[in-house]
$ cat start.txt   # compact mmCIF, C-alpha atoms and all ligand atoms
# COMPACT_ATOMS: atom_id res chain seq x y z
CA MET A 184 -19.97 -2.81 29.96
CA ARG A 185 -17.14 -0.33 30.35
CA ALA A 186 -14.92 -2.96 31.99
CA PHE A 187 -15.89 -5.48 29.34
CA THR A 188 -14.86 -3.05 26.60
CA LYS A 189 -11.51 -2.47 28.26
CA VAL A 190 -10.84 -6.17 28.65
CA LEU A 191 -11.77 -6.73 25.02
CA LEU A 192 -9.54 -3.92 23.72
CA ALA A 193 -6.71 -5.17 25.93
CA SER A 194 -7.07 -8.68 24.49
CA ILE A 195 -7.01 -7.27 20.96
CA CYS A 196 -3.76 -5.46 21.81
CA VAL A 197 -2.26 -8.61 23.34
CA ALA A 198 -3.24 -10.58 20.24
CA TYR A 199 -1.61 -7.94 18.07
CA LEU A 200 1.62 -8.00 20.09
CA ALA A 201 1.68 -11.81 20.00
CA VAL A 202 1.42 -11.72 16.20
CA LYS A 203 4.18 -9.07 16.00
CA TRP A 204 6.42 -11.00 18.38
CA THR A 205 6.26 -14.21 16.41
CA SER A 206 6.64 -12.60 12.96
CA PRO A 207 9.79 -13.50 11.00
CA ARG A 208 12.92 -11.38 11.38
CA PHE A 209 13.82 -8.92 8.66
CA ASP A 210 17.15 -9.54 6.92
CA ALA A 211 18.29 -6.28 5.26
CA GLU A 212 20.87 -8.23 3.22
CA SER A 213 18.03 -9.98 1.39
CA LEU A 214 17.25 -6.70 -0.39
CA LYS A 215 20.74 -6.22 -1.82
CA GLY A 216 20.36 -6.47 -5.60
CA ALA A 217 16.61 -7.16 -5.29
CA ARG A 218 14.67 -6.12 -8.40
CA VAL A 219 11.95 -3.73 -7.29
CA LEU A 220 9.19 -1.77 -9.00
CA VAL A 221 7.58 0.98 -6.88
CA THR A 222 4.61 2.98 -8.18
CA GLY A 223 3.61 6.46 -7.01
CA ALA A 224 7.28 7.04 -6.22
CA SER A 225 7.66 10.75 -7.02
CA THR A 226 6.45 11.85 -3.61
CA GLY A 227 5.13 10.74 -0.21
CA ILE A 228 5.39 7.13 0.96
CA GLY A 229 6.42 5.86 -2.49
CA GLU A 230 9.37 8.26 -2.63
CA GLN A 231 10.44 7.19 0.87
CA MET A 232 10.19 3.52 -0.13
CA ALA A 233 12.45 4.21 -3.11
CA TYR A 234 15.07 5.75 -0.78
CA HIS A 235 14.90 2.83 1.68
CA TYR A 236 15.23 0.26 -1.11
CA ALA A 237 18.16 2.34 -2.42
CA ARG A 238 19.91 2.27 0.97
CA PHE A 239 19.46 -1.52 1.04
CA GLY A 240 21.24 -1.68 -2.35
CA ALA A 241 18.27 -2.75 -4.47
CA GLN A 242 17.78 -2.33 -8.23
CA ILE A 243 14.82 -0.03 -8.59
CA VAL A 244 12.36 1.08 -11.23
CA ILE A 245 10.11 3.95 -10.12
CA THR A 246 7.06 5.36 -11.81
CA ALA A 247 4.63 8.27 -11.42
CA ARG A 248 3.25 10.90 -13.77
CA ARG A 249 5.90 13.65 -13.50
CA GLU A 250 9.09 12.74 -15.34
CA LYS A 251 11.18 15.64 -13.97
CA VAL A 252 10.47 14.71 -10.36
CA LEU A 253 11.08 11.01 -11.04
CA GLN A 254 14.47 11.88 -12.48
CA GLN A 255 15.43 13.70 -9.27
CA VAL A 256 14.22 10.82 -7.07
CA ALA A 257 16.15 8.32 -9.23
CA GLU A 258 19.34 10.40 -8.92
CA LYS A 259 18.97 10.51 -5.15
CA CYS A 260 18.41 6.73 -5.12
CA LEU A 261 21.73 6.22 -6.90
CA SER A 262 23.51 8.50 -4.44
CA LEU A 263 22.00 6.51 -1.54
CA GLY A 264 23.38 3.22 -2.86
CA ALA A 265 20.86 1.75 -5.31
CA GLN A 266 22.54 -0.70 -7.72
CA LYS A 267 20.20 0.62 -10.42
CA ALA A 268 17.59 3.38 -10.41
CA LEU A 269 15.47 3.77 -13.53
CA TYR A 270 12.26 5.69 -14.02
CA VAL A 271 9.35 5.67 -16.40
CA ALA A 272 6.57 8.27 -16.45
CA ALA A 273 3.05 6.86 -16.80
CA ASP A 274 -0.60 7.72 -16.33
CA MET A 275 -2.27 5.06 -14.22
CA ALA A 276 -5.72 6.10 -15.50
CA SER A 277 -4.68 4.85 -18.92
CA GLU A 278 -5.79 1.40 -20.09
CA SER A 279 -2.43 0.38 -21.49
CA GLU A 280 0.25 2.25 -19.55
CA PRO A 281 0.10 0.30 -16.26
CA ALA A 282 0.99 -2.96 -18.01
CA GLN A 283 3.67 -1.17 -20.05
CA VAL A 284 5.33 -0.03 -16.82
CA VAL A 285 5.57 -3.65 -15.63
CA ASP A 286 6.99 -4.68 -19.03
CA PHE A 287 9.56 -1.88 -18.77
CA ALA A 288 10.70 -3.10 -15.33
CA LEU A 289 10.83 -6.76 -16.42
CA GLU A 290 12.93 -5.83 -19.44
CA LYS A 291 15.33 -3.46 -17.66
CA LEU A 292 15.77 -5.58 -14.54
CA GLY A 293 15.49 -9.00 -16.19
CA GLY A 294 12.73 -10.07 -13.78
CA LEU A 295 11.08 -8.82 -10.61
CA ASP A 296 11.36 -9.65 -6.91
CA TYR A 297 9.08 -6.95 -5.49
CA LEU A 298 6.09 -5.33 -7.12
CA VAL A 299 5.03 -2.53 -4.77
CA LEU A 300 1.75 -0.89 -5.79
CA ASN A 301 1.31 2.36 -3.94
CA HIS A 302 0.07 5.13 -6.28
CA ILE A 303 -3.19 7.03 -5.82
CA GLY A 304 -4.91 9.72 -7.85
CA PRO A 305 -5.85 13.06 -6.29
CA SER A 306 -9.32 13.17 -4.77
CA PRO A 307 -11.07 15.99 -2.87
CA PHE A 308 -11.45 15.79 0.90
CA SER A 309 -15.07 16.91 1.10
CA MET A 310 -18.64 15.69 1.29
CA TRP A 311 -19.71 13.86 -1.85
CA THR A 312 -21.76 16.05 -4.19
CA GLY A 313 -22.65 13.55 -6.86
CA ASP A 314 -19.59 13.44 -9.12
CA VAL A 315 -19.78 9.87 -10.47
CA ASP A 316 -17.23 10.51 -13.24
CA HIS A 317 -14.58 11.35 -10.67
CA ILE A 318 -15.12 8.00 -8.92
CA ARG A 319 -14.97 6.19 -12.27
CA TRP A 320 -11.63 7.89 -13.01
CA LEU A 321 -10.29 7.26 -9.49
CA MET A 322 -11.24 3.57 -9.76
CA ASN A 323 -9.08 3.36 -12.89
CA VAL A 324 -6.12 4.91 -11.11
CA ASN A 325 -6.42 3.41 -7.61
CA PHE A 326 -7.89 0.02 -8.48
CA PHE A 327 -7.97 -1.18 -12.11
CA SER A 328 -4.32 -0.30 -12.73
CA TYR A 329 -3.40 -2.35 -9.61
CA ILE A 330 -5.07 -5.50 -10.86
CA GLN A 331 -3.61 -5.04 -14.36
CA MET A 332 -0.10 -4.61 -13.01
CA ALA A 333 -0.42 -7.46 -10.52
CA TRP A 334 -1.54 -9.84 -13.25
CA ARG A 335 1.16 -8.66 -15.64
CA GLY A 336 3.89 -9.22 -13.04
CA LEU A 337 2.59 -12.46 -11.51
CA ALA A 338 4.46 -14.95 -13.73
CA ALA A 339 7.79 -13.20 -13.08
CA LEU A 340 7.09 -13.14 -9.33
CA GLU A 341 6.30 -16.90 -9.43
CA GLN A 342 9.70 -17.50 -10.99
CA SER A 343 11.61 -15.38 -8.49
CA ARG A 344 9.59 -16.40 -5.39
CA GLY A 345 8.79 -12.71 -5.27
CA SER A 346 6.38 -10.48 -3.38
CA LEU A 347 3.42 -8.40 -4.34
CA VAL A 348 2.83 -5.52 -1.92
CA ILE A 349 -0.42 -3.55 -1.93
CA VAL A 350 -0.50 -0.22 -0.08
CA SER A 351 -4.03 0.18 1.23
CA SER A 352 -5.57 2.12 4.06
CA LEU A 353 -7.68 1.83 7.18
CA LEU A 354 -10.23 3.43 4.85
CA GLY A 355 -10.21 0.13 2.93
CA LYS A 356 -11.65 -1.54 6.03
CA MET A 357 -13.75 1.22 7.55
CA SER A 358 -15.72 4.10 6.04
CA SER A 359 -15.21 7.67 7.09
CA PRO A 360 -16.77 10.98 6.00
CA PHE A 361 -15.32 13.24 3.25
CA VAL A 362 -13.52 10.43 1.42
CA ALA A 363 -16.27 8.44 -0.33
CA PRO A 364 -14.41 8.12 -3.68
CA TYR A 365 -11.08 7.22 -2.04
CA THR A 366 -12.54 4.75 0.46
CA SER A 367 -14.45 3.02 -2.39
CA THR A 368 -11.21 2.34 -4.26
CA LYS A 369 -9.46 1.04 -1.14
CA PHE A 370 -12.36 -1.30 -0.26
CA ALA A 371 -12.14 -2.59 -3.83
CA LEU A 372 -8.40 -3.25 -3.39
CA ASN A 373 -8.90 -5.06 -0.09
CA GLY A 374 -11.68 -7.18 -1.57
CA PHE A 375 -9.81 -8.12 -4.72
CA PHE A 376 -6.41 -8.77 -3.17
CA GLY A 377 -7.95 -10.55 -0.18
CA SER A 378 -9.47 -12.96 -2.68
CA LEU A 379 -6.16 -13.26 -4.53
CA GLN A 380 -4.38 -14.11 -1.26
CA HIS A 381 -6.68 -17.15 -0.92
CA GLU A 382 -6.14 -18.19 -4.52
CA LEU A 383 -2.36 -17.90 -4.32
CA ALA A 384 -2.35 -19.98 -1.15
CA MET A 385 -4.66 -22.60 -2.66
CA ASN A 386 -2.42 -22.75 -5.77
CA LYS A 387 0.64 -23.24 -3.53
CA SER A 388 2.04 -20.20 -5.27
CA ASN A 389 5.60 -18.96 -4.75
CA VAL A 390 4.33 -15.41 -4.52
CA SER A 391 3.68 -13.67 -1.20
CA LEU A 392 0.98 -11.02 -1.18
CA SER A 393 0.95 -8.37 1.54
CA ILE A 394 -1.91 -5.92 2.08
CA CYS A 395 -0.86 -2.86 4.08
CA THR A 396 -3.39 -0.99 6.19
CA LEU A 397 -2.17 2.52 6.88
CA GLY A 398 -3.59 5.22 9.13
CA LEU A 399 -3.02 8.94 8.57
CA ILE A 400 0.52 9.51 7.26
CA ASP A 401 2.21 12.93 7.24
CA THR A 402 2.64 13.20 3.45
CA ASP A 403 2.27 16.70 1.94
CA SER A 404 -0.91 15.75 0.08
CA ALA A 405 -2.59 14.19 3.14
CA MET A 406 -1.60 17.04 5.46
CA GLU A 407 -2.87 19.61 2.99
CA LYS A 408 -6.29 17.94 3.04
CA VAL A 409 -6.84 17.42 6.76
CA LYS A 410 -5.30 20.73 7.88
CA GLY A 411 -7.63 22.38 10.36
CA VAL A 412 -10.39 19.76 10.07
CA THR A 413 -9.13 16.95 12.27
CA ASN A 414 -6.82 16.21 15.16
CA ILE A 415 -6.19 12.57 14.23
CA PRO A 416 -2.45 11.96 14.76
CA ALA A 417 -0.32 11.68 11.58
CA TYR A 418 2.61 9.24 11.41
CA PRO A 419 5.93 9.76 9.57
CA SER A 420 6.02 8.64 5.93
CA SER A 421 9.60 7.39 6.12
CA ASP A 422 8.71 5.02 8.98
CA ALA A 423 5.53 3.91 7.19
CA ALA A 424 7.62 3.21 4.08
CA LEU A 425 10.15 1.11 6.03
CA ASN A 426 7.38 -0.91 7.68
CA ILE A 427 5.83 -1.65 4.28
CA ILE A 428 9.18 -2.83 2.91
CA ILE A 429 9.77 -5.10 5.92
CA THR A 430 6.26 -6.55 5.59
CA GLY A 431 6.98 -7.47 1.96
CA ALA A 432 10.48 -8.81 2.67
CA THR A 433 9.24 -11.01 5.53
CA ARG A 434 6.32 -12.20 3.37
CA GLN A 435 3.59 -11.30 5.83
CA LEU A 436 -0.06 -11.21 4.80
CA ASP A 437 -0.71 -7.82 6.30
CA LEU A 438 0.61 -4.73 8.00
CA PHE A 439 -1.24 -2.39 10.33
CA TYR A 440 0.58 0.94 10.64
CA PRO A 441 0.38 2.71 13.02
CA TRP A 442 -0.40 -0.24 15.32
CA PHE A 443 -3.73 1.13 16.58
CA THR A 444 -5.29 0.84 13.11
CA TYR A 445 -5.53 -2.87 14.02
CA VAL A 446 -7.55 -2.03 17.13
CA VAL A 447 -9.79 0.39 15.24
CA ALA A 448 -10.40 -2.12 12.43
CA ALA A 449 -11.17 -4.87 14.96
CA SER A 450 -13.44 -2.78 17.17
CA LYS A 451 -15.56 -1.01 14.55
CA ASP A 452 -17.71 -4.09 13.86
CA MET A 453 -18.05 -4.91 17.55
CA PHE A 454 -18.98 -1.40 18.68
CA PRO A 455 -20.38 0.39 15.63
CA SER A 456 -22.18 3.18 17.50
CA VAL A 457 -19.16 4.04 19.65
CA THR A 458 -16.87 3.98 16.60
CA ASN A 459 -19.29 6.11 14.56
CA PHE A 460 -19.51 8.64 17.38
CA ILE A 461 -15.73 8.89 17.62
CA ILE A 462 -15.28 9.18 13.85
CA GLN A 463 -17.95 11.86 13.41
CA ASN A 464 -16.55 13.88 16.29
CA SER A 465 -12.95 13.77 15.16
CA TYR A 466 -13.67 16.37 12.47
CA THR A 467 -14.67 19.99 12.83
CA TYR A 468 -17.68 20.38 10.55
CA SER A 469 -20.91 22.31 10.65
CA PRO A 470 -23.45 21.97 7.86
C1 LIG B 1 -4.09 -20.75 -9.97
O1 LIG B 1 -3.86 -21.83 -10.83
C2 LIG B 1 -4.78 -21.93 -11.93
C3 LIG B 1 -4.51 -23.23 -12.66
O2 LIG B 1 -3.18 -23.32 -13.05
C4 LIG B 1 -4.59 -20.70 -12.82
O3 LIG B 1 -5.51 -20.73 -13.90
C5 LIG B 1 -4.80 -19.45 -11.98
O4 LIG B 1 -4.52 -18.31 -12.78
C6 LIG B 1 -3.91 -19.44 -10.77
N1 LIG B 1 -4.24 -18.30 -9.95
C7 LIG B 1 -3.34 -17.58 -9.31
C8 LIG B 1 -3.85 -16.41 -8.54
O5 LIG B 1 -2.16 -17.84 -9.31
C1 LIG B 2 7.75 -22.07 -7.80
O1 LIG B 2 9.09 -22.00 -8.21
C2 LIG B 2 9.66 -23.25 -8.56
C3 LIG B 2 11.09 -23.00 -8.93
O2 LIG B 2 11.69 -22.22 -7.94
C4 LIG B 2 8.88 -23.87 -9.71
O3 LIG B 2 9.40 -25.16 -10.00
C5 LIG B 2 7.42 -23.97 -9.34
O4 LIG B 2 6.67 -24.43 -10.46
C6 LIG B 2 6.89 -22.61 -8.92
N1 LIG B 2 5.50 -22.73 -8.48
C7 LIG B 2 4.50 -22.21 -9.16
C8 LIG B 2 3.14 -22.37 -8.56
O5 LIG B 2 4.65 -21.61 -10.20

$ encode --input "start.txt" --output "structure tokens"
Amino acid sequence: MRAFTKVLLASICVAYLAVKWTSPRFDAESLKGARVLVTGASTGIGEQMAYHYARFGAQIVITARREKVLQQVAEKCLSLGAQKALYVAADMASESEPAQVVDFALEKLGGLDYLVLNHIGPSPFSMWTGDVDHIRWLMNVNFFSYIQMAWRGLAALEQSRGSLVIVSSLLGKMSSPFVAPYTSTKFALNGFFGSLQHELAMNKSNVSLSICTLGLIDTDSAMEKVKGVTNIPAYPSSDAALNIIITGATRQLDLFYPWFTYVVAASKDMFPSVTNFIIQNSYTYSP
């Protein structure tokens, strides 16, 4: 059984490498002048994506809730080489503001080549204690605003042969303790946009849709939460951001970052009890 497991995991890794090897090459020039909207761009992975797009010479609109911080990120984008860097503050829990942000970008940039949906609302890292209202609110921020914005931007992306990029998580494929609200919203994203990938393909759409599966990334907010409770390795947000951008630019269906999230996602259905044991023992917790 042990040997069988090893052979299986090795074949999963080989399959992963084969897919990576044959994936299309990234052409940085293709992003020069590209019209990009990045959400959740005041901090973390979104902020790093804004800086990478800026270095590639893109025209960027960024959004998040805090106007002051957005202004600073936009200024840095200009200094890094962005052709344009505009910002608009918005609350993604609102019913109308997500669509207004897309309209703002379409108007200011005269179209859209990349719609990168990345924002998340704050959610406690703790056992669930029955707060349904929080999950309802988080669903608005992490899920409903995504489908509103995707729909609002779709016609423009059809015209430009553009890309829709969804930043999701390993927690959109696999459950884990302490994150019930968050993992619910990510499963919803994976379900919805997985379905949309089929529909776009069946419509022979011009739009590419990438769903990005991320592991633990060393953003301030994530590190704050897992400090002292887990020894799962965290990966650099700047590198995660670059990998997301490349996935969108090369029009791939998915990204697994870091690479072993692919192995974890593939093995959890095959070996549920082993995976559950590992997950439950990767946290320090006593009831
Ligand atoms: C697919 O095409 C149909 C018919 O034109 C349209 O109603 C639908 O919105 C399209 N779906 C997507 C995801 O493009
Ligand atoms: C894709 O773009 C071309 C123009 O580049 C357009 O003629 C075609 O209708 C578009 N496809 C869809 C499904 O909108």

$ closest_atom_pairs --input "start.txt" --of "chain A" --to "ligand LIG 2 (chain B)" --cutoff "8 Å" --atoms "all atoms listed in the file" --output "CSV"
residue,atom,partner,partner_atom,distance
A:Ala338,CA,B:LIG2,O5,7.5
A:Glu341,CA,B:LIG2,O5,5.0
A:Gln342,CA,B:LIG2,O1,5.3
A:Ser343,CA,B:LIG2,O2,6.9
A:Arg344,CA,B:LIG2,O1,6.3
A:Asn386,CA,B:LIG2,C8,6.2
A:Lys387,CA,B:LIG2,C8,5.7
A:Ser388,CA,B:LIG2,C8,4.1
A:Asn389,CA,B:LIG2,C1,4.9

$ atom_distance --input "start.txt" --atom1 "atom CA of A:Lys356" --atom2 "atom CA of A:Met322"
16.6 Å

$ residues_around --input "start.txt" --residues "stretch 375-377 of chain A" --least-positions-apart "5" --cutoff "12 Å" --atoms "all atoms listed in the file" --output "PyMOL selection string"
chain A and resi 300+326-327+329-331+333-334+347-351+355-356+368-370+382-384+391-395+436-437

$ atom_distance --input "start.txt" --atom1 "atom CA of A:Gln231" --atom2 "atom CA of A:Ile427"
10.5 Å

$ residues_around --input "start.txt" --residues "A:Asp422" --least-positions-apart "6" --cutoff "12 Å" --atoms "only C-alpha atoms" --output "PyMOL selection string"
chain A and resi 227-229+231-232+234-235+397+400-402+428-429+440-441

$ atom_distance --input "start.txt" --atom1 "atom CA of A:Gln266" --atom2 "atom CA of A:Gln242"
5.1 Å

$ closest_residue --input "start.txt" --among "A:Val409, A:Ala211, A:Leu379, A:Leu372" --to "ligand LIG 1 (chain B)" --atoms "all atoms listed in the file"
A:Leu379

$ closest_residue --input "start.txt" --among "A:Ile243, A:Ala272, A:Val252, A:Ala371" --to "A:Lys291" --atoms "only C-alpha atoms"
A:Ile243

$ closest_residue --input "start.txt" --among "A:Pro455, A:Pro470, A:Gly431, A:Pro307" --to "A:Lys408" --atoms "all atoms listed in the file"
A:Pro307

$ closest_residue --input "start.txt" --among "A:Met310, A:Val299, A:Ala237, A:Val447" --to "A:Lys215" --atoms "all atoms listed in the file"
A:Ala237

$ residues_around --input "start.txt" --residues "A:Asn414" --least-positions-apart "5" --cutoff "10 Å" --atoms "only C-alpha atoms" --output "PyMOL selection string"
chain A and resi 409+465-467

$ closest_residue --input "start.txt" --among "A:Leu289, A:Phe439, A:Ala424, A:Ser279" --to "A:Tyr236" --atoms "all atoms listed in the file"
A:Ala424

$ closest_residue --input "start.txt" --among "A:Leu253, A:Ala288, A:Met385, A:Ala276" --to "ligand LIG 1 (chain B)" --atoms "all atoms listed in the file"
A:Met385

$ residues_around --input "start.txt" --residues "stretch 460-462 of chain A" --least-positions-apart "2" --cutoff "12 Å" --atoms "all atoms listed in the file" --output "VMD selection string"
chain A and resid 354 357 to 361 413 to 415 447 450 to 451 454 to 458 464 to 468

$ decode --input "start.txt" --residues "stretch 278-381 of chain A" --atoms "C-alpha atoms" --output "PDB file, in the first residue's frame"
ATOM      1  CA  GLU A 278     -25.280  45.431  -4.492  1.00  0.00           C
ATOM      2  CA  SER A 279     -24.435  48.161  -6.976  1.00  0.00           C
ATOM      3  CA  GLU A 280     -20.794  49.107  -6.459  1.00  0.00           C
ATOM      4  CA  PRO A 281     -19.127  46.022  -8.013  1.00  0.00           C
ATOM      5  CA  ALA A 282     -20.768  46.682 -11.386  1.00  0.00           C
ATOM      6  CA  GLN A 283     -19.985  50.402 -11.082  1.00  0.00           C
ATOM      7  CA  VAL A 284     -16.291  49.565 -10.703  1.00  0.00           C
ATOM      8  CA  VAL A 285     -16.365  47.622 -13.989  1.00  0.00           C
ATOM      9  CA  ASP A 286     -18.179  50.531 -15.676  1.00  0.00           C
ATOM     10  CA  PHE A 287     -15.525  52.922 -14.335  1.00  0.00           C
ATOM     11  CA  ALA A 288     -12.717  50.793 -15.815  1.00  0.00           C
ATOM     12  CA  LEU A 289     -14.498  50.376 -19.172  1.00  0.00           C
ATOM     13  CA  GLU A 290     -15.023  54.120 -19.406  1.00  0.00           C
ATOM     14  CA  LYS A 291     -11.523  55.187 -18.324  1.00  0.00           C
ATOM     15  CA  LEU A 292      -9.655  52.537 -20.302  1.00  0.00           C
ATOM     16  CA  GLY A 293     -12.027  52.336 -23.272  1.00  0.00           C
ATOM     17  CA  GLY A 294     -12.384  48.554 -22.886  1.00  0.00           C
ATOM     18  CA  LEU A 295     -10.820  45.738 -20.913  1.00  0.00           C
ATOM     19  CA  ASP A 296      -8.250  43.027 -21.647  1.00  0.00           C
ATOM     20  CA  TYR A 297      -7.892  41.540 -18.159  1.00  0.00           C
ATOM     21  CA  LEU A 298     -10.477  41.384 -15.413  1.00  0.00           C
ATOM     22  CA  VAL A 299      -8.659  40.046 -12.355  1.00  0.00           C
ATOM     23  CA  LEU A 300     -10.982  39.285  -9.439  1.00  0.00           C
ATOM     24  CA  ASN A 301      -8.990  38.839  -6.282  1.00  0.00           C
ATOM     25  CA  HIS A 302     -10.619  40.669  -3.343  1.00  0.00           C
ATOM     26  CA  ILE A 303     -11.809  38.971  -0.151  1.00  0.00           C
ATOM     27  CA  GLY A 304     -13.549  40.264   2.949  1.00  0.00           C
ATOM     28  CA  PRO A 305     -12.048  39.737   6.408  1.00  0.00           C
ATOM     29  CA  SER A 306     -13.149  36.549   8.142  1.00  0.00           C
ATOM     30  CA  PRO A 307     -12.078  35.102  11.505  1.00  0.00           C
ATOM     31  CA  PHE A 308      -9.699  32.142  11.638  1.00  0.00           C
ATOM     32  CA  SER A 309     -11.531  30.140  14.290  1.00  0.00           C
ATOM     33  CA  MET A 310     -14.040  27.364  14.832  1.00  0.00           C
ATOM     34  CA  TRP A 311     -17.495  28.270  13.582  1.00  0.00           C
ATOM     35  CA  THR A 312     -19.811  29.397  16.375  1.00  0.00           C
ATOM     36  CA  GLY A 313     -23.024  29.861  14.451  1.00  0.00           C
ATOM     37  CA  ASP A 314     -22.713  33.302  12.885  1.00  0.00           C
ATOM     38  CA  VAL A 315     -24.851  32.903   9.741  1.00  0.00           C
ATOM     39  CA  ASP A 316     -25.004  36.654   9.062  1.00  0.00           C
ATOM     40  CA  HIS A 317     -21.234  36.790   8.690  1.00  0.00           C
ATOM     41  CA  ILE A 318     -21.331  34.068   6.018  1.00  0.00           C
ATOM     42  CA  ARG A 319     -24.152  35.886   4.220  1.00  0.00           C
ATOM     43  CA  TRP A 320     -22.049  39.076   4.186  1.00  0.00           C
ATOM     44  CA  LEU A 321     -18.874  37.216   3.148  1.00  0.00           C
ATOM     45  CA  MET A 322     -20.775  35.539   0.287  1.00  0.00           C
ATOM     46  CA  ASN A 323     -21.676  39.008  -1.000  1.00  0.00           C
ATOM     47  CA  VAL A 324     -18.060  40.135  -0.897  1.00  0.00           C
ATOM     48  CA  ASN A 325     -16.216  36.973  -1.966  1.00  0.00           C
ATOM     49  CA  PHE A 326     -18.779  35.493  -4.352  1.00  0.00           C
ATOM     50  CA  PHE A 327     -21.759  37.580  -5.515  1.00  0.00           C
ATOM     51  CA  SER A 328     -19.615  40.587  -6.410  1.00  0.00           C
ATOM     52  CA  TYR A 329     -17.419  38.266  -8.539  1.00  0.00           C
ATOM     53  CA  ILE A 330     -20.306  37.011 -10.635  1.00  0.00           C
ATOM     54  CA  GLN A 331     -21.727  40.531 -11.011  1.00  0.00           C
ATOM     55  CA  MET A 332     -18.405  41.926 -12.180  1.00  0.00           C
ATOM     56  CA  ALA A 333     -17.681  38.987 -14.481  1.00  0.00           C
ATOM     57  CA  TRP A 334     -21.042  39.381 -16.185  1.00  0.00           C
ATOM     58  CA  ARG A 335     -20.671  43.152 -16.447  1.00  0.00           C
ATOM     59  CA  GLY A 336     -17.248  42.824 -18.093  1.00  0.00           C
ATOM     60  CA  LEU A 337     -17.944  39.825 -20.334  1.00  0.00           C
ATOM     61  CA  ALA A 338     -19.072  41.693 -23.477  1.00  0.00           C
ATOM     62  CA  ALA A 339     -15.967  43.904 -23.407  1.00  0.00           C
ATOM     63  CA  LEU A 340     -13.733  40.857 -22.897  1.00  0.00           C
ATOM     64  CA  GLU A 341     -15.422  39.139 -25.894  1.00  0.00           C
ATOM     65  CA  GLN A 342     -14.540  42.138 -28.024  1.00  0.00           C
ATOM     66  CA  SER A 343     -10.916  42.303 -26.918  1.00  0.00           C
ATOM     67  CA  ARG A 344     -10.302  38.520 -26.796  1.00  0.00           C
ATOM     68  CA  GLY A 345      -9.635  39.213 -23.139  1.00  0.00           C
ATOM     69  CA  SER A 346      -9.163  37.159 -20.001  1.00  0.00           C
ATOM     70  CA  LEU A 347     -11.119  36.709 -16.832  1.00  0.00           C
ATOM     71  CA  VAL A 348      -8.919  35.645 -13.915  1.00  0.00           C
ATOM     72  CA  ILE A 349     -10.410  34.309 -10.686  1.00  0.00           C
ATOM     73  CA  VAL A 350      -8.166  34.105  -7.620  1.00  0.00           C
ATOM     74  CA  SER A 351      -9.367  31.136  -5.612  1.00  0.00           C
ATOM     75  CA  SER A 352      -7.758  28.852  -3.081  1.00  0.00           C
ATOM     76  CA  LEU A 353      -6.971  25.255  -2.270  1.00  0.00           C
ATOM     77  CA  LEU A 354      -9.786  25.856   0.224  1.00  0.00           C
ATOM     78  CA  GLY A 355     -12.107  26.075  -2.793  1.00  0.00           C
ATOM     79  CA  LYS A 356     -11.322  22.420  -3.508  1.00  0.00           C
ATOM     80  CA  MET A 357     -10.763  21.005  -0.044  1.00  0.00           C
ATOM     81  CA  SER A 358     -12.238  21.830   3.361  1.00  0.00           C
ATOM     82  CA  SER A 359     -10.110  22.652   6.344  1.00  0.00           C
ATOM     83  CA  PRO A 360     -10.890  23.590   9.963  1.00  0.00           C
ATOM     84  CA  PHE A 361     -11.257  27.207  11.212  1.00  0.00           C
ATOM     85  CA  VAL A 362     -12.242  28.643   7.827  1.00  0.00           C
ATOM     86  CA  ALA A 363     -15.826  27.466   7.250  1.00  0.00           C
ATOM     87  CA  PRO A 364     -17.115  30.872   5.993  1.00  0.00           C
ATOM     88  CA  TYR A 365     -14.092  31.476   3.734  1.00  0.00           C
ATOM     89  CA  THR A 366     -13.988  27.960   2.299  1.00  0.00           C
ATOM     90  CA  SER A 367     -17.739  28.176   1.517  1.00  0.00           C
ATOM     91  CA  THR A 368     -17.204  31.270  -0.621  1.00  0.00           C
ATOM     92  CA  LYS A 369     -14.251  29.716  -2.463  1.00  0.00           C
ATOM     93  CA  PHE A 370     -16.172  26.483  -3.197  1.00  0.00           C
ATOM     94  CA  ALA A 371     -18.953  28.687  -4.577  1.00  0.00           C
ATOM     95  CA  LEU A 372     -16.458  30.471  -6.844  1.00  0.00           C
ATOM     96  CA  ASN A 373     -14.961  27.214  -8.112  1.00  0.00           C
ATOM     97  CA  GLY A 374     -18.419  25.793  -8.785  1.00  0.00           C
ATOM     98  CA  PHE A 375     -19.738  28.844 -10.592  1.00  0.00           C
ATOM     99  CA  PHE A 376     -16.669  29.644 -12.658  1.00  0.00           C
ATOM    100  CA  GLY A 377     -16.047  25.970 -13.429  1.00  0.00           C
ATOM    101  CA  SER A 378     -19.512  25.947 -14.977  1.00  0.00           C
ATOM    102  CA  LEU A 379     -18.802  29.202 -16.817  1.00  0.00           C
ATOM    103  CA  GLN A 380     -15.592  27.718 -18.267  1.00  0.00           C
ATOM    104  CA  HIS A 381     -17.722  25.004 -19.913  1.00  0.00           C
TER     105      HIS A 381
END
